[in-house]
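Notes follow once the structure below has been shown.
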Amino acid sequence: MVFNSYTFIVFFILILFLHNLPLSWKSKKINLLFASYIFYAAWNPPFILLLWLSTVIDFYVGKSLYTQENHYKKKMLLVLSLIGNLGMLIFFKYGTFLLQNFVALCNIIRF
């Protein structure tokens, strides 16, 4: 879905309409969450699984951060969330680049 398409304009108006209904704040947040999933899935549906995985990791880490009293454990939970999210980003954005350079380095060492 491209930002300057009619599909996006209709989608955006529909989401704005749903968001401005007299619903609870929790319902509005869920509405926006599903709207973002739909928007992301319209671009490339298989990648929605990564977005769901990231959402689940961050939801449970955030819940644990709220209840945790130990500052060391809070830092470890934050590191876990960062490793999960940045790990996916690095793997999909730079994975091919790193693999190609590793193969090139192995070919140079092998002579």
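Here's how to read the names in the structure tokens: chain A, B, ... by the order shown, residue numbers from 1 in each chain, ligand numbers from 1 in the order shown.
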Problem - Exercise: Leu18 in chain A partners within 10 Å, only C-alpha atoms, chain neighbours under 6 positions left out, as a PyMOL selection string - result: chain A and resi 12+27-28+31-32
Would you return as a PDB file with C-alpha atoms, in the first residue's frame the members of chain A that DSSP assigns to alpha helix (DSSP H) on this structure's backbone?
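The file below, states_24.pdb, is the result:
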```pdb
ATOM      1  CA  TYR A   6      -6.582   5.627  -3.248  1.00  0.00           C
ATOM      2  CA  THR A   7      -6.415   2.418  -1.243  1.00  0.00           C
ATOM      3  CA  PHE A   8      -4.324   4.115   1.420  1.00  0.00           C
ATOM      4  CA  ILE A   9      -6.618   7.151   1.536  1.00  0.00           C
ATOM      5  CA  VAL A  10      -9.686   4.945   2.080  1.00  0.00           C
ATOM      6  CA  PHE A  11      -7.795   2.862   4.646  1.00  0.00           C
ATOM      7  CA  PHE A  12      -6.624   5.991   6.474  1.00  0.00           C
ATOM      8  CA  ILE A  13     -10.101   7.542   6.547  1.00  0.00           C
ATOM      9  CA  LEU A  14     -11.569   4.289   7.865  1.00  0.00           C
ATOM     10  CA  ILE A  15      -8.964   4.082  10.637  1.00  0.00           C
ATOM     11  CA  LEU A  16      -9.492   7.734  11.574  1.00  0.00           C
ATOM     12  CA  PHE A  17     -13.244   7.153  11.714  1.00  0.00           C
ATOM     13  CA  LEU A  18     -12.811   4.106  13.958  1.00  0.00           C
ATOM     14  CA  HIS A  19     -10.326   5.951  16.146  1.00  0.00           C
ATOM     15  CA  TRP A  25      -8.666   4.020  25.120  1.00  0.00           C
ATOM     16  CA  LYS A  26      -7.805   0.308  25.162  1.00  0.00           C
ATOM     17  CA  SER A  27     -10.078  -0.295  22.150  1.00  0.00           C
ATOM     18  CA  LYS A  28      -8.457   2.583  20.307  1.00  0.00           C
ATOM     19  CA  LYS A  29      -4.983   1.198  20.961  1.00  0.00           C
ATOM     20  CA  ILE A  30      -6.021  -2.245  19.697  1.00  0.00           C
ATOM     21  CA  ASN A  31      -7.557  -0.589  16.630  1.00  0.00           C
ATOM     22  CA  LEU A  32      -4.286   1.183  15.847  1.00  0.00           C
ATOM     23  CA  LEU A  33      -2.276  -1.976  16.478  1.00  0.00           C
ATOM     24  CA  PHE A  34      -4.324  -4.017  14.013  1.00  0.00           C
ATOM     25  CA  ALA A  35      -4.308  -1.140  11.517  1.00  0.00           C
ATOM     26  CA  SER A  36      -0.509  -1.085  11.621  1.00  0.00           C
ATOM     27  CA  TYR A  37      -0.414  -4.874  11.126  1.00  0.00           C
ATOM     28  CA  ILE A  38      -2.722  -4.599   8.115  1.00  0.00           C
ATOM     29  CA  PHE A  39      -0.704  -1.728   6.655  1.00  0.00           C
ATOM     30  CA  TYR A  40       2.557  -3.635   7.125  1.00  0.00           C
ATOM     31  CA  ALA A  41       1.069  -6.871   5.739  1.00  0.00           C
ATOM     32  CA  ALA A  42      -0.141  -5.025   2.639  1.00  0.00           C
ATOM     33  CA  TRP A  43       3.508  -4.371   1.802  1.00  0.00           C
ATOM     34  CA  ILE A  48       4.161  -9.796   9.480  1.00  0.00           C
ATOM     35  CA  LEU A  49       5.450 -12.803  11.446  1.00  0.00           C
ATOM     36  CA  LEU A  50       8.547 -10.788  12.394  1.00  0.00           C
ATOM     37  CA  LEU A  51       6.392  -7.900  13.515  1.00  0.00           C
ATOM     38  CA  TRP A  52       4.267 -10.245  15.634  1.00  0.00           C
ATOM     39  CA  LEU A  53       7.385 -11.802  17.167  1.00  0.00           C
ATOM     40  CA  SER A  54       8.742  -8.358  18.008  1.00  0.00           C
ATOM     41  CA  THR A  55       5.384  -7.334  19.490  1.00  0.00           C
ATOM     42  CA  VAL A  56       5.177 -10.438  21.683  1.00  0.00           C
ATOM     43  CA  ILE A  57       8.759 -10.053  22.922  1.00  0.00           C
ATOM     44  CA  ASP A  58       8.291  -6.376  23.741  1.00  0.00           C
ATOM     45  CA  PHE A  59       4.878  -6.929  25.352  1.00  0.00           C
ATOM     46  CA  TYR A  60       6.161  -9.517  27.810  1.00  0.00           C
ATOM     47  CA  VAL A  61       9.420  -7.676  28.469  1.00  0.00           C
ATOM     48  CA  GLY A  62       7.466  -4.477  29.139  1.00  0.00           C
ATOM     49  CA  LYS A  63       5.100  -6.309  31.459  1.00  0.00           C
ATOM     50  CA  SER A  64       8.035  -7.802  33.337  1.00  0.00           C
ATOM     51  CA  LEU A  65       9.811  -4.441  33.530  1.00  0.00           C
ATOM     52  CA  TYR A  66       6.748  -2.923  35.184  1.00  0.00           C
ATOM     53  CA  THR A  67       6.580  -5.570  37.928  1.00  0.00           C
ATOM     54  CA  HIS A  71      17.426  -3.003  38.782  1.00  0.00           C
ATOM     55  CA  TYR A  72      19.885  -5.604  37.466  1.00  0.00           C
ATOM     56  CA  LYS A  73      17.024  -7.788  36.215  1.00  0.00           C
ATOM     57  CA  LYS A  74      15.401  -4.731  34.621  1.00  0.00           C
ATOM     58  CA  LYS A  75      18.598  -4.051  32.704  1.00  0.00           C
ATOM     59  CA  MET A  76      18.790  -7.688  31.604  1.00  0.00           C
ATOM     60  CA  LEU A  77      15.181  -7.554  30.374  1.00  0.00           C
ATOM     61  CA  LEU A  78      15.982  -4.413  28.394  1.00  0.00           C
ATOM     62  CA  VAL A  79      19.049  -6.115  26.909  1.00  0.00           C
ATOM     63  CA  LEU A  80      16.886  -9.113  25.973  1.00  0.00           C
ATOM     64  CA  SER A  81      14.439  -6.850  24.142  1.00  0.00           C
ATOM     65  CA  LEU A  82      17.256  -5.006  22.367  1.00  0.00           C
ATOM     66  CA  ILE A  83      18.938  -8.245  21.317  1.00  0.00           C
ATOM     67  CA  GLY A  84      15.657  -9.570  19.937  1.00  0.00           C
ATOM     68  CA  ASN A  85      14.745  -6.440  17.982  1.00  0.00           C
ATOM     69  CA  LEU A  86      18.210  -5.389  16.854  1.00  0.00           C
ATOM     70  CA  GLY A  87      19.108  -9.007  16.119  1.00  0.00           C
ATOM     71  CA  MET A  88      16.228  -9.291  13.655  1.00  0.00           C
ATOM     72  CA  LEU A  89      17.164  -5.950  12.108  1.00  0.00           C
ATOM     73  CA  ILE A  90      20.831  -6.879  11.709  1.00  0.00           C
ATOM     74  CA  PHE A  91      20.006 -10.334  10.345  1.00  0.00           C
ATOM     75  CA  PHE A  92      17.609  -9.119   7.669  1.00  0.00           C
ATOM     76  CA  LYS A  93      19.320  -5.839   6.798  1.00  0.00           C
ATOM     77  CA  TYR A  94      22.985  -6.821   6.946  1.00  0.00           C
ATOM     78  CA  GLY A  95      22.903 -10.638   6.834  1.00  0.00           C
ATOM     79  CA  THR A  96      23.603 -10.945   3.110  1.00  0.00           C
ATOM     80  CA  PHE A  97      26.354  -8.333   3.262  1.00  0.00           C
ATOM     81  CA  LEU A  98      28.094 -10.086   6.177  1.00  0.00           C
ATOM     82  CA  LEU A  99      27.739 -13.514   4.544  1.00  0.00           C
ATOM     83  CA  GLN A 100      29.209 -12.283   1.237  1.00  0.00           C
ATOM     84  CA  ASN A 101      32.176 -10.714   3.014  1.00  0.00           C
ATOM     85  CA  PHE A 102      32.715 -13.840   5.091  1.00  0.00           C
ATOM     86  CA  VAL A 103      32.727 -16.003   1.948  1.00  0.00           C
ATOM     87  CA  ALA A 104      35.137 -13.588   0.247  1.00  0.00           C
ATOM     88  CA  LEU A 105      37.442 -13.682   3.297  1.00  0.00           C
ATOM     89  CA  CYS A 106      37.362 -17.490   3.337  1.00  0.00           C
ATOM     90  CA  ASN A 107      38.254 -17.578  -0.381  1.00  0.00           C
ATOM     91  CA  ILE A 108      41.196 -15.218   0.196  1.00  0.00           C
ATOM     92  CA  ILE A 109      42.515 -17.286   3.118  1.00  0.00           C
ATOM     93  CA  ARG A 110      42.144 -20.532   1.161  1.00  0.00           C
TER      94      ARG A 110
END
```
